[in-house]
$ cat structure-v3.txt   # compact mmCIF, C-alpha atoms and all ligand atoms
# COMPACT_ATOMS: atom_id res chain seq x y z
CA MET A 1 23.60 -32.20 -10.28
CA GLU A 2 25.18 -29.29 -12.09
CA SER A 3 22.90 -26.74 -13.76
CA THR A 4 22.87 -26.55 -17.55
CA SER A 5 21.61 -22.94 -17.44
CA GLN A 6 23.18 -20.62 -20.02
CA LEU A 7 22.29 -17.46 -18.10
CA ASN A 8 24.74 -15.03 -16.53
CA THR A 9 24.60 -14.66 -12.79
CA GLU A 10 22.80 -11.29 -13.01
CA GLU A 11 20.09 -12.95 -15.08
CA GLN A 12 18.99 -15.63 -12.63
CA ILE A 13 16.02 -13.65 -11.34
CA PHE A 14 12.76 -13.80 -13.35
CA PRO A 15 12.60 -10.41 -15.04
CA THR A 16 9.18 -9.48 -13.57
CA TYR A 17 10.63 -6.11 -12.56
CA LYS A 18 12.39 -3.83 -14.99
CA LYS A 19 15.22 -3.27 -12.55
CA TRP A 20 17.07 -0.01 -12.17
CA ASN A 21 20.82 0.22 -12.42
CA ILE A 22 21.19 0.47 -8.64
CA THR A 23 22.31 -2.30 -6.31
CA PHE A 24 21.08 -1.82 -2.77
CA LYS A 25 23.73 -1.85 -0.08
CA SER A 26 22.21 -0.21 2.98
CA ALA A 27 19.58 2.22 4.13
CA SER A 28 19.16 4.58 7.03
CA GLY A 29 16.41 7.09 7.81
CA SER A 30 15.44 8.71 4.51
CA THR A 31 18.42 7.61 2.44
CA ILE A 32 19.53 4.50 0.54
CA THR A 33 23.18 3.82 -0.35
CA ASP A 34 24.17 1.64 -3.28
CA GLN A 35 27.11 -0.68 -3.71
CA LYS A 36 29.12 2.03 -5.48
CA GLY A 37 28.75 4.24 -2.41
CA LYS A 38 26.23 6.67 -3.95
CA THR A 39 23.58 7.87 -1.50
CA TYR A 40 20.03 8.64 -2.64
CA ILE A 41 17.27 10.66 -0.99
CA ASP A 42 14.39 8.22 -0.71
CA LEU A 43 11.08 9.74 -1.80
CA MET A 44 9.44 6.35 -2.37
CA ALA A 45 10.01 4.54 0.94
CA GLY A 46 10.08 1.08 -0.65
CA VAL A 47 6.73 1.93 -2.34
CA GLY A 48 5.00 3.28 0.72
CA VAL A 49 6.50 0.78 3.13
CA VAL A 50 9.07 2.37 5.44
CA ASN A 51 6.78 5.09 6.79
CA LEU A 52 9.05 5.54 9.83
CA GLY A 53 12.21 5.60 7.74
CA HIS A 54 14.79 2.87 7.20
CA GLY A 55 16.13 1.11 10.29
CA HIS A 56 13.87 2.95 12.74
CA PRO A 57 15.39 2.25 16.20
CA ALA A 58 12.14 1.15 17.88
CA VAL A 59 11.36 -1.37 15.13
CA LEU A 60 14.97 -2.57 14.98
CA LYS A 61 15.07 -3.12 18.73
CA ALA A 62 11.77 -5.01 18.79
CA VAL A 63 12.77 -7.33 15.93
CA GLU A 64 16.25 -7.87 17.38
CA GLN A 65 14.83 -8.85 20.73
CA GLN A 66 12.28 -11.19 19.17
CA LEU A 67 15.00 -12.76 17.03
CA HIS A 68 16.66 -14.01 20.20
CA GLU A 69 13.39 -15.24 21.67
CA GLY A 70 12.31 -17.25 18.62
CA TRP A 71 10.74 -16.53 15.27
CA HIS A 72 8.40 -19.38 14.49
CA ALA A 73 6.15 -21.79 16.34
CA SER A 74 2.92 -21.88 14.20
CA ASN A 75 -0.52 -20.34 14.28
CA PHE A 76 -1.71 -23.19 16.52
CA PHE A 77 0.05 -21.30 19.33
CA HIS A 78 -1.13 -18.10 20.94
CA TYR A 79 1.37 -15.39 20.02
CA GLU A 80 1.38 -12.44 22.38
CA GLY A 81 2.64 -10.18 19.56
CA GLN A 82 -0.44 -11.00 17.44
CA GLN A 83 -2.75 -10.15 20.30
CA LYS A 84 -1.02 -6.84 21.01
CA THR A 85 -0.89 -5.88 17.32
CA ALA A 86 -4.57 -6.78 16.88
CA GLU A 87 -5.43 -4.65 19.92
CA LEU A 88 -3.76 -1.64 18.29
CA LEU A 89 -5.29 -2.21 14.85
CA THR A 90 -8.80 -2.57 16.27
CA LYS A 91 -8.44 0.29 18.77
CA TYR A 92 -7.53 2.73 15.99
CA SER A 93 -10.04 1.50 13.40
CA CYS A 94 -13.71 0.51 13.32
CA GLY A 95 -12.77 -3.20 13.09
CA ASP A 96 -12.97 -5.84 15.82
CA LEU A 97 -11.07 -8.91 14.59
CA VAL A 98 -7.81 -9.43 12.72
CA PHE A 99 -6.42 -12.12 10.45
CA PHE A 100 -2.69 -11.70 9.86
CA ALA A 101 -1.16 -12.39 6.44
CA ASN A 102 2.27 -11.84 4.88
CA SER A 103 1.47 -9.32 2.16
CA GLY A 104 -1.11 -7.05 0.64
CA ALA A 105 -2.29 -9.54 -1.97
CA GLU A 106 -2.79 -12.16 0.70
CA ALA A 107 -4.73 -9.74 2.86
CA ASN A 108 -7.06 -8.98 -0.07
CA GLU A 109 -7.34 -12.67 -0.88
CA GLY A 110 -8.49 -13.20 2.71
CA ALA A 111 -10.96 -10.31 2.49
CA ILE A 112 -12.51 -11.66 -0.73
CA LYS A 113 -12.84 -15.15 0.77
CA LEU A 114 -14.34 -13.73 3.96
CA ALA A 115 -16.88 -11.66 1.99
CA ARG A 116 -18.01 -14.62 -0.13
CA LYS A 117 -18.20 -16.98 2.84
CA HIS A 118 -20.10 -14.54 5.04
CA THR A 119 -22.63 -13.45 2.44
CA GLY A 120 -22.93 -16.69 0.47
CA ARG A 121 -22.86 -14.44 -2.61
CA ARG A 122 -20.57 -14.44 -5.61
CA LYS A 123 -20.05 -10.99 -7.08
CA ILE A 124 -17.15 -8.72 -6.10
CA ILE A 125 -17.26 -5.18 -7.47
CA SER A 126 -14.11 -3.09 -7.78
CA PHE A 127 -13.03 -0.05 -9.75
CA LEU A 128 -11.30 0.60 -13.05
CA GLN A 129 -7.61 1.46 -12.62
CA SER A 130 -7.64 -0.11 -9.16
CA PHE A 131 -4.81 -2.30 -7.94
CA HIS A 132 -5.35 -5.03 -5.36
CA GLY A 133 -2.48 -7.48 -5.94
CA ARG A 134 -1.12 -10.29 -8.08
CA THR A 135 -2.64 -13.48 -6.67
CA PHE A 136 -5.69 -14.88 -8.45
CA GLY A 137 -8.34 -13.29 -6.24
CA SER A 138 -6.58 -9.96 -5.80
CA MET A 139 -5.61 -9.92 -9.49
CA ALA A 140 -9.22 -10.57 -10.52
CA ALA A 141 -10.27 -7.68 -8.28
CA THR A 142 -7.71 -5.41 -9.96
CA GLY A 143 -9.44 -3.28 -12.59
CA GLN A 144 -6.62 -3.20 -15.13
CA ASP A 145 -6.49 -5.41 -18.24
CA SER A 146 -2.70 -5.14 -18.39
CA ILE A 147 -2.42 -6.95 -15.03
CA HIS A 148 -4.72 -9.79 -16.21
CA LYS A 149 -3.11 -10.28 -19.63
CA GLY A 150 -1.94 -13.83 -20.26
CA PHE A 151 -3.17 -15.24 -16.95
CA GLY A 152 -6.74 -16.13 -17.92
CA PRO A 153 -9.24 -17.36 -17.25
CA MET A 154 -9.79 -14.88 -14.44
CA LEU A 155 -11.83 -15.95 -11.45
CA GLU A 156 -15.54 -15.59 -12.09
CA GLY A 157 -17.77 -13.01 -10.51
CA PHE A 158 -15.63 -9.87 -10.65
CA GLU A 159 -17.00 -6.62 -12.11
CA TYR A 160 -15.40 -3.22 -12.56
CA VAL A 161 -16.96 0.22 -12.58
CA PRO A 162 -15.40 3.68 -13.04
CA TYR A 163 -13.86 5.28 -9.96
CA ASN A 164 -15.54 8.41 -8.59
CA ASP A 165 -18.76 7.44 -10.45
CA VAL A 166 -21.57 6.67 -8.00
CA LYS A 167 -24.26 5.94 -10.60
CA ALA A 168 -22.15 3.24 -12.29
CA LEU A 169 -21.68 1.51 -8.96
CA GLU A 170 -25.35 1.76 -8.03
CA ASN A 171 -26.25 0.15 -11.36
CA ALA A 172 -23.78 -2.72 -10.87
CA ILE A 173 -24.55 -3.64 -7.28
CA ASP A 174 -27.29 -6.24 -6.75
CA GLU A 175 -28.56 -9.04 -4.49
CA ASP A 176 -25.69 -11.31 -5.58
CA THR A 177 -22.99 -8.79 -4.60
CA ALA A 178 -20.77 -10.10 -1.81
CA ALA A 179 -18.61 -6.99 -1.55
CA VAL A 180 -17.41 -3.75 -3.02
CA ILE A 181 -13.66 -3.20 -2.62
CA VAL A 182 -12.20 0.28 -2.97
CA GLU A 183 -8.91 2.09 -2.45
CA PRO A 184 -9.67 5.41 -0.68
CA VAL A 185 -6.87 6.87 -2.82
CA GLN A 186 -6.00 4.82 -5.91
CA GLY A 187 -2.25 4.24 -5.74
CA GLU A 188 -0.87 2.24 -8.67
CA GLY A 189 -3.65 3.66 -10.86
CA GLY A 190 -2.09 7.14 -10.69
CA VAL A 191 -2.59 8.58 -7.17
CA ILE A 192 -6.25 9.44 -7.58
CA PRO A 193 -8.01 10.49 -4.38
CA GLY A 194 -11.60 9.25 -3.99
CA ASP A 195 -14.06 12.10 -3.40
CA PRO A 196 -15.42 11.81 0.16
CA SER A 197 -18.98 12.00 -1.24
CA PHE A 198 -18.19 9.18 -3.70
CA LEU A 199 -16.68 6.96 -1.00
CA GLN A 200 -19.64 7.63 1.29
CA ALA A 201 -22.04 6.74 -1.51
CA VAL A 202 -20.14 3.49 -2.18
CA GLU A 203 -20.49 2.54 1.46
CA ALA A 204 -24.20 3.43 1.49
CA ALA A 205 -24.88 1.50 -1.75
CA ALA A 206 -23.08 -1.59 -0.41
CA LYS A 207 -24.92 -1.48 2.90
CA LYS A 208 -28.30 -0.97 1.20
CA LYS A 209 -27.82 -4.30 -0.63
CA ASP A 210 -26.29 -6.06 2.41
CA ALA A 211 -23.00 -6.38 0.57
CA LEU A 212 -19.77 -5.90 2.49
CA PHE A 213 -17.83 -2.68 2.12
CA ILE A 214 -14.06 -3.32 1.93
CA CYS A 215 -11.42 -0.59 2.04
CA ASP A 216 -8.06 -1.61 0.62
CA GLU A 217 -5.66 0.41 2.77
CA ILE A 218 -2.57 -1.51 1.76
CA GLN A 219 -0.87 1.57 0.37
CA THR A 220 -2.90 4.29 2.10
CA GLY A 221 -2.86 2.90 5.65
CA ILE A 222 -0.67 3.42 8.72
CA GLY A 223 -0.55 7.20 8.59
CA ARG A 224 0.42 7.63 4.95
CA THR A 225 -2.38 9.99 3.90
CA GLY A 226 -2.55 12.01 7.11
CA ALA A 227 -5.00 9.74 8.97
CA PHE A 228 -4.28 6.34 10.50
CA PHE A 229 -6.43 4.88 7.71
CA ALA A 230 -7.37 7.01 4.68
CA HIS A 231 -11.09 6.11 4.84
CA GLN A 232 -11.22 7.90 8.19
CA HIS A 233 -10.93 11.24 6.35
CA SER A 234 -14.40 10.52 4.95
CA GLY A 235 -15.93 9.11 8.14
CA LEU A 236 -16.45 5.62 6.68
CA GLN A 237 -17.16 2.40 8.59
CA PRO A 238 -15.93 -0.43 6.36
CA ASP A 239 -16.86 -4.01 7.21
CA ILE A 240 -13.33 -5.03 6.24
CA ILE A 241 -10.07 -3.08 6.04
CA THR A 242 -7.00 -4.64 4.46
CA THR A 243 -3.54 -3.31 5.16
CA ALA A 244 0.09 -4.37 4.62
CA LYS A 245 3.04 -2.36 3.20
CA ALA A 246 3.81 0.00 6.13
CA LEU A 247 2.38 -2.30 8.80
CA GLY A 248 5.79 -3.78 9.62
CA ASN A 249 7.79 -0.75 8.40
CA GLY A 250 9.49 -3.03 5.88
CA PHE A 251 9.15 -6.37 7.62
CA PRO A 252 6.60 -8.34 5.57
CA ALA A 253 3.20 -8.24 7.26
CA GLY A 254 -0.42 -7.89 6.18
CA ALA A 255 -3.76 -7.84 7.94
CA VAL A 256 -7.49 -8.29 7.32
CA ILE A 257 -9.40 -6.28 9.90
CA GLY A 258 -13.08 -7.19 10.10
CA LYS A 259 -16.21 -6.34 12.03
CA VAL A 260 -17.35 -8.76 14.71
CA HIS A 261 -20.37 -10.00 12.68
CA LEU A 262 -17.89 -11.71 10.33
CA LYS A 263 -16.42 -13.91 13.06
CA GLU A 264 -18.31 -17.11 12.25
CA ALA A 265 -17.33 -17.06 8.56
CA PHE A 266 -13.68 -17.37 9.52
CA GLY A 267 -14.08 -20.18 12.04
CA PRO A 268 -11.51 -22.95 12.69
CA GLY A 269 -10.17 -24.53 9.49
CA SER A 270 -11.79 -21.98 7.17
CA HIS A 271 -8.65 -20.03 6.26
CA GLY A 272 -5.00 -20.11 7.23
CA THR A 273 -1.36 -19.33 6.65
CA THR A 274 1.91 -20.84 7.86
CA PHE A 275 3.85 -17.63 8.22
CA GLY A 276 1.21 -14.89 8.58
CA GLY A 277 1.48 -13.16 11.95
CA ASN A 278 4.81 -14.76 12.82
CA PRO A 279 6.55 -13.34 15.92
CA LEU A 280 9.15 -11.30 14.01
CA ALA A 281 6.51 -9.67 11.81
CA MET A 282 4.39 -8.97 14.87
CA ALA A 283 7.33 -7.46 16.78
CA ALA A 284 7.92 -5.13 13.82
CA ALA A 285 4.23 -4.32 13.43
CA GLN A 286 3.65 -3.67 17.10
CA ALA A 287 6.64 -1.34 17.37
CA THR A 288 5.63 0.42 14.12
CA LEU A 289 2.04 0.95 15.22
CA GLN A 290 3.03 2.11 18.70
CA THR A 291 5.45 4.66 17.23
CA ILE A 292 3.00 5.89 14.58
CA ILE A 293 0.29 6.32 17.20
CA GLU A 294 2.29 7.63 20.17
CA GLU A 295 4.25 10.14 18.09
CA ASP A 296 1.18 11.01 16.02
CA TRP A 297 2.82 10.49 12.64
CA SER A 298 -0.59 10.55 10.94
CA GLN A 299 -1.12 14.18 11.96
CA LYS A 300 2.48 15.03 11.10
CA ALA A 301 1.97 13.43 7.66
CA ALA A 302 -1.15 15.57 7.16
CA GLU A 303 0.78 18.76 7.93
CA LYS A 304 3.98 17.88 6.10
CA GLY A 305 2.02 16.55 3.13
CA GLU A 306 0.01 19.75 2.83
CA ALA A 307 3.17 21.87 2.99
CA LEU A 308 4.83 19.58 0.42
CA ILE A 309 1.92 19.79 -2.03
CA ASN A 310 1.93 23.60 -1.68
CA GLU A 311 5.65 23.69 -2.34
CA LEU A 312 5.34 21.40 -5.36
CA LYS A 313 2.50 23.48 -6.79
CA LYS A 314 4.48 26.67 -6.26
CA LYS A 315 7.58 25.30 -7.96
CA LEU A 316 6.21 22.96 -10.63
CA SER A 317 2.66 23.93 -11.64
CA SER A 318 3.76 26.46 -14.25
CA LEU A 319 5.93 23.94 -16.12
CA SER A 320 4.37 22.82 -19.38
CA VAL A 321 5.28 19.18 -18.70
CA VAL A 322 3.20 19.19 -15.47
CA LYS A 323 -0.49 18.45 -15.95
CA GLU A 324 -1.68 18.12 -12.34
CA ILE A 325 -0.32 17.79 -8.80
CA ARG A 326 -2.63 15.91 -6.45
CA GLY A 327 -2.65 13.65 -3.43
CA LYS A 328 -3.47 13.24 0.22
CA GLY A 329 -0.98 13.61 3.05
CA MET A 330 2.37 12.12 2.07
CA MET A 331 0.94 10.28 -0.96
CA ILE A 332 1.41 12.61 -3.90
CA GLY A 333 1.18 12.26 -7.68
CA ILE A 334 2.65 14.63 -10.25
CA GLU A 335 0.88 13.90 -13.53
CA LEU A 336 2.97 14.76 -16.56
CA THR A 337 2.12 15.29 -20.20
CA GLU A 338 4.73 12.64 -21.07
CA PRO A 339 5.94 9.30 -19.66
CA ALA A 340 7.23 9.45 -16.09
CA GLY A 341 9.78 6.63 -16.43
CA GLU A 342 12.47 8.68 -18.11
CA LYS A 343 12.16 11.49 -15.54
CA ILE A 344 12.50 8.98 -12.73
CA LEU A 345 15.80 7.78 -14.19
CA LYS A 346 16.98 11.39 -14.51
CA LEU A 347 16.07 11.95 -10.86
CA GLN A 348 18.18 8.95 -9.91
CA GLU A 349 21.18 10.53 -11.63
CA LYS A 350 20.63 13.48 -9.28
CA GLY A 351 20.47 11.12 -6.30
CA VAL A 352 16.71 11.09 -5.70
CA LEU A 353 14.37 8.08 -5.72
CA ALA A 354 10.73 8.27 -6.76
CA ILE A 355 8.38 5.80 -8.43
CA ALA A 356 5.87 5.91 -11.28
CA ALA A 357 2.13 5.30 -10.89
CA GLY A 358 0.63 4.45 -14.24
CA PRO A 359 2.44 5.69 -17.35
CA ASN A 360 2.57 9.45 -16.71
CA VAL A 361 2.58 10.01 -12.97
CA ILE A 362 5.61 10.53 -10.73
CA ARG A 363 4.55 9.26 -7.33
CA LEU A 364 6.08 10.55 -4.11
CA LEU A 365 5.73 8.41 -0.99
CA PRO A 366 8.54 9.67 1.26
CA PRO A 367 9.07 8.29 4.74
CA LEU A 368 6.70 10.28 6.99
CA THR A 369 9.73 11.01 9.17
CA ILE A 370 11.81 12.67 6.43
CA GLU A 371 13.43 15.97 7.46
CA TRP A 372 12.01 19.02 5.71
CA ASP A 373 15.44 20.08 4.39
CA THR A 374 16.02 16.67 2.84
CA LEU A 375 12.56 16.77 1.32
CA MET A 376 13.30 20.17 -0.19
CA GLN A 377 16.55 18.86 -1.70
CA GLY A 378 14.40 16.22 -3.38
CA VAL A 379 11.95 18.86 -4.61
CA GLN A 380 14.81 20.90 -6.04
CA ALA A 381 16.05 17.86 -7.96
CA LEU A 382 12.51 17.32 -9.24
CA GLU A 383 12.28 20.95 -10.36
CA GLU A 384 15.59 20.68 -12.20
CA THR A 385 14.61 17.36 -13.80
CA LEU A 386 11.25 18.63 -15.01
CA ASN A 387 13.02 21.75 -16.32
CA ASN A 388 15.37 19.45 -18.26
CA LYS A 389 18.37 20.77 -16.36
C1 LIG B 401 -3.74 -0.81 -2.90
C2 LIG B 401 -2.89 -2.04 -2.98
N1 LIG B 401 -3.46 -3.23 -2.75
C3 LIG B 401 -2.73 -4.36 -2.80
C4 LIG B 401 -1.39 -4.35 -3.11
C5 LIG B 401 -0.61 -5.63 -3.17
O1 LIG B 401 0.26 -5.71 -2.09
P1 LIG B 401 1.50 -6.73 -2.11
O2 LIG B 401 2.42 -6.26 -3.15
O3 LIG B 401 2.07 -6.65 -0.73
O4 LIG B 401 0.94 -8.07 -2.40
C6 LIG B 401 -0.77 -3.12 -3.36
C7 LIG B 401 0.65 -3.06 -3.74
O5 LIG B 401 1.12 -2.14 -4.38
C8 LIG B 401 -1.53 -1.93 -3.30
O6 LIG B 401 -0.99 -0.74 -3.54
$ encode --input "structure-v3.txt" --output "structure tokens"
Amino acid sequence: MESTSQLNTEEQIFPTYKKWNITFKSASGSTITDQKGKTYIDLMAGVGVVNLGHGHPAVLKAVEQQLHEGWHASNFFHYEGQQKTAELLTKYSCGDLVFFANSGAEANEGAIKLARKHTGRRKIISFLQSFHGRTFGSMAATGQDSIHKGFGPMLEGFEYVPYNDVKALENAIDEDTAAVIVEPVQGEGGVIPGDPSFLQAVEAAAKKKDALFICDEIQTGIGRTGAFFAHQHSGLQPDIITTAKALGNGFPAGAVIGKVHLKEAFGPGSHGTTFGGNPLAMAAAQATLQTIIEEDWSQKAAEKGEALINELKKKLSSLSVVKEIRGKGMMIGIELTEPAGEKILKLQEKGVLAIAAGPNVIRLLPPLTIEWDTLMQGVQALEETLNNK
């Protein structure tokens, strides 16, 4: 049957994203080329996804090989790639068991279900300005009214307290609290690092009430902040870690990493997914993790990130439009005194890609592998843009 739609071909995608005037053609390393042949320096890495750069040879090779061997059987089969990826995720974290999902929201959905099932409790506490995803559970956990608007009623049992405020959390947490979920550095909320003492107090408060302590490492994980997981900077031992974005270096993959005492709550038939942990995703994830770990990209991100923040402070701090420069590793926010969106479009004209976090923050999440010279070209464009040149 022929469609009666009146829309033009460019309009056949739901407008959930305010799309830029750039059509992706190809990407390599730290650059993206559009269909007009313009090449951009990528300082956003697909929103913290391609930590090893676009088309990294090890990931490409692993996916290519798996493509020929088969890409779906079902989670009723043992998949060697899942086992190997789980071994890496548990070896380099405090977790023992992994459930593989397809995305960040799904990983958080799994974590929330696991916490309620294990504790038999209802309440999930999260933080204002947090972001945990767009599905009903992860959206309810997200502490931003603008994300909830129009989708009510929200799931019951979710409460929000201010970030970096220990007292507020201690007052909210009680015997009905299943879990506290926290981003070690708030990403979408404006690149706001959690104070180590705050994060440690959150963990202690959760453990005191026998609630689970969940770290959402979907944006901060896999080397981004200069540690394999950002909570490791503060010496935390979460019961559950969720991760996604950079896990497959651009191939969709997510994971819930839990402590062994949670095993029974996720027994046969309790939770599932058709595609989560499929062999292609696991080939990408395994190759990504091996490369991040063997080549120590976490440490390199710590060093490069520190040098980048210093450079940004040196060049931009004195500008009246710049309010604060902050971040951890290669996750950096430049808070402005005016909306960031317009500056981001100006940057694009100069061939540089960055992304906003909240209304006034320009967020930089470059590939960890970006060459210093390329990075400095990006910084120069930023300096010119913020100087209105
Ligand atoms: C901290 C955090 N949690 C969860 C999500 C949701 O991940 P996804 O978009 O893969 O569902 C995001 C995405 O930006 C995120 O930054």
$ closest_atom_pairs --input "structure-v3.txt" --of "chain A" --to "ligand LIG 401 (chain B)" --cutoff "9 Å" --atoms "only C-alpha atoms and all ligand atoms" --output "Markdown table"
| residue | atom | partner | partner_atom | distance |
| --- | --- | --- | --- | --- |
| A:Val47 | CA | B:LIG401 | O5 | 7.2 |
| A:Gly48 | CA | B:LIG401 | O6 | 8.4 |
| A:Asn102 | CA | B:LIG401 | O3 | 7.6 |
| A:Ser103 | CA | B:LIG401 | O3 | 4.0 |
| A:Gly104 | CA | B:LIG401 | O1 | 3.3 |
| A:Ala105 | CA | B:LIG401 | O4 | 3.6 |
| A:Glu106 | CA | B:LIG401 | O4 | 6.3 |
| A:Ala107 | CA | B:LIG401 | O4 | 7.9 |
| A:Asn108 | CA | B:LIG401 | C3 | 6.9 |
| A:Ser130 | CA | B:LIG401 | C1 | 7.4 |
| A:Phe131 | CA | B:LIG401 | C2 | 5.3 |
| A:His132 | CA | B:LIG401 | N1 | 3.7 |
| A:Gly133 | CA | B:LIG401 | C5 | 3.8 |
| A:Arg134 | CA | B:LIG401 | O4 | 6.4 |
| A:Thr135 | CA | B:LIG401 | O4 | 7.8 |
| A:Ser138 | CA | B:LIG401 | C3 | 7.4 |
| A:Thr142 | CA | B:LIG401 | N1 | 8.6 |
| A:Val182 | CA | B:LIG401 | C1 | 8.5 |
| A:Glu183 | CA | B:LIG401 | C1 | 5.9 |
| A:Pro184 | CA | B:LIG401 | C1 | 8.9 |
| A:Val185 | CA | B:LIG401 | C1 | 8.3 |
| A:Gln186 | CA | B:LIG401 | C1 | 6.8 |
| A:Gly187 | CA | B:LIG401 | O6 | 5.6 |
| A:Glu188 | CA | B:LIG401 | O6 | 5.9 |
| A:Gly189 | CA | B:LIG401 | O6 | 8.9 |
| A:Asp216 | CA | B:LIG401 | C1 | 5.6 |
| A:Glu217 | CA | B:LIG401 | C1 | 6.1 |
| A:Ile218 | CA | B:LIG401 | C2 | 4.8 |
| A:Gln219 | CA | B:LIG401 | O6 | 4.5 |
| A:Thr220 | CA | B:LIG401 | C1 | 7.2 |
| A:Thr242 | CA | B:LIG401 | N1 | 8.2 |
| A:Thr243 | CA | B:LIG401 | N1 | 7.9 |
| A:Ala244 | CA | B:LIG401 | O3 | 6.1 |
| A:Lys245 | CA | B:LIG401 | O3 | 5.9 |
| A:Pro252 | CA | B:LIG401 | O3 | 7.9 |
| A:Ala253 | CA | B:LIG401 | O3 | 8.2 |
| A:Gly254 | CA | B:LIG401 | O3 | 7.4 |
$ atom_distance --input "structure-v3.txt" --atom1 "atom CA of A:Ser298" --atom2 "atom CA of A:Ile222"
7.5 Å
$ residues_around --input "structure-v3.txt" --residues "stretch 17-20 of chain A" --least-positions-apart "2" --cutoff "12 Å" --atoms "all atoms listed in the file" --output "list in words"
Glu10, Glu11, Ile13, Phe14, Pro15, Ile22, Thr23, Phe24, Asp34, Gly341, Glu342, Ile344, Leu345, Lys346, Gln348, Glu349, Leu353, Ala354 and Ile355 of chain A
$ atom_distance --input "structure-v3.txt" --atom1 "atom CA of A:Asn171" --atom2 "atom CA of A:Ala211"
14.0 Å
$ closest_residue --input "structure-v3.txt" --among "A:Glu371, A:Glu384, A:Glu69, A:Glu294" --to "A:Thr31" --atoms "only C-alpha atoms"
A:Glu371
$ closest_residue --input "structure-v3.txt" --among "A:Leu382, A:Ala141, A:Val161, A:Val256" --to "A:Thr90" --atoms "only C-alpha atoms"
A:Val256
$ closest_residue --input "structure-v3.txt" --among "A:Asn249, A:Ser146, A:Gln237, A:Asn388" --to "A:Pro367" --atoms "all atoms listed in the file"
A:Asn249
$ atom_distance --input "structure-v3.txt" --atom1 "atom CA of A:Gly329" --atom2 "atom CA of A:Glu311"
13.2 Å
$ closest_residue --input "structure-v3.txt" --among "A:Phe77, A:Thr16, A:Phe100, A:Lys117" --to "A:Ser270" --atoms "all atoms listed in the file"
A:Lys117
$ closest_residue --input "structure-v3.txt" --among "A:Ala356, A:Ile241, A:Leu368, A:Ile32" --to "A:Ala302" --atoms "all atoms listed in the file"
A:Leu368
$ residues_around --input "structure-v3.txt" --residues "stretch 314-320 of chain A" --least-positions-apart "4" --cutoff "9 Å" --atoms "all atoms listed in the file" --output "MDAnalysis selection string"
chainID A and resid 309:310 324:325 336:337 379:380 382:383 386:387
$ write_last_selection --input "structure-v3.txt" --atoms "C-alpha atoms" --output "compact mmCIF listing (two decimals), in the frame of the given file"
# COMPACT_ATOMS: atom_id res chain seq x y z
CA ILE A 309 1.92 19.79 -2.03
CA ASN A 310 1.93 23.60 -1.68
CA GLU A 324 -1.68 18.12 -12.34
CA ILE A 325 -0.32 17.79 -8.80
CA LEU A 336 2.97 14.76 -16.56
CA THR A 337 2.12 15.29 -20.20
CA VAL A 379 11.95 18.86 -4.61
CA GLN A 380 14.81 20.90 -6.04
CA LEU A 382 12.51 17.32 -9.24
CA GLU A 383 12.28 20.95 -10.36
CA LEU A 386 11.25 18.63 -15.01
CA ASN A 387 13.02 21.75 -16.32
$ residues_near_point --input "structure-v3.txt" --point "(11.1, -10.0, 12.6)" --cutoff "7 Å" --atoms "all atoms listed in the file" --output "PyMOL selection string"
chain A and resi 63+66-67+251+279-281+283-284
$ residues_near_point --input "structure-v3.txt" --point "(-22.2, -13.4, -5.8)" --cutoff "9 Å" --atoms "only C-alpha atoms" --output "ChimeraX atom specification"
/A:116,119-124,157-158,174-179
$ write_last_selection --input "structure-v3.txt" --atoms "C-alpha atoms" --output "short mmCIF file (atom, residue, chain, number, x, y, z; two decimals), in the frame of the given file"
data_model
loop_
_atom_site.label_atom_id
_atom_site.label_comp_id
_atom_site.auth_asym_id
_atom_site.auth_seq_id
_atom_site.Cartn_x
_atom_site.Cartn_y
_atom_site.Cartn_z
CA ARG A 116 -18.01 -14.62 -0.13
CA THR A 119 -22.63 -13.45 2.44
CA GLY A 120 -22.93 -16.69 0.47
CA ARG A 121 -22.86 -14.44 -2.61
CA ARG A 122 -20.57 -14.44 -5.61
CA LYS A 123 -20.05 -10.99 -7.08
CA ILE A 124 -17.15 -8.72 -6.10
CA GLY A 157 -17.77 -13.01 -10.51
CA PHE A 158 -15.63 -9.87 -10.65
CA ASP A 174 -27.29 -6.24 -6.75
CA GLU A 175 -28.56 -9.04 -4.49
CA ASP A 176 -25.69 -11.31 -5.58
CA THR A 177 -22.99 -8.79 -4.60
CA ALA A 178 -20.77 -10.10 -1.81
CA ALA A 179 -18.61 -6.99 -1.55
#
$ residues_around --input "structure-v3.txt" --residues "A:Val260" --least-positions-apart "4" --cutoff "10 Å" --atoms "all atoms listed in the file" --output "ChimeraX atom specification"
/A:95-98,239,264
$ closest_residue --input "structure-v3.txt" --among "A:Asn51, A:Thr288, A:Ser28, A:Gln232" --to "A:Lys300" --atoms "all atoms listed in the file"
A:Asn51
$ residues_around --input "structure-v3.txt" --residues "A:Leu114" --least-positions-apart "2" --cutoff "8 Å" --atoms "all atoms listed in the file" --output "list in words"
Gly110, Ala111, Ile112, Arg116, Lys117, His118, Leu262, Ala265 and Phe266 of chain A
$ residues_around --input "structure-v3.txt" --residues "A:His233" --least-positions-apart "5" --cutoff "10 Å" --atoms "all atoms listed in the file" --output "PyMOL selection string"
chain A and resi 184+196+225-228+328
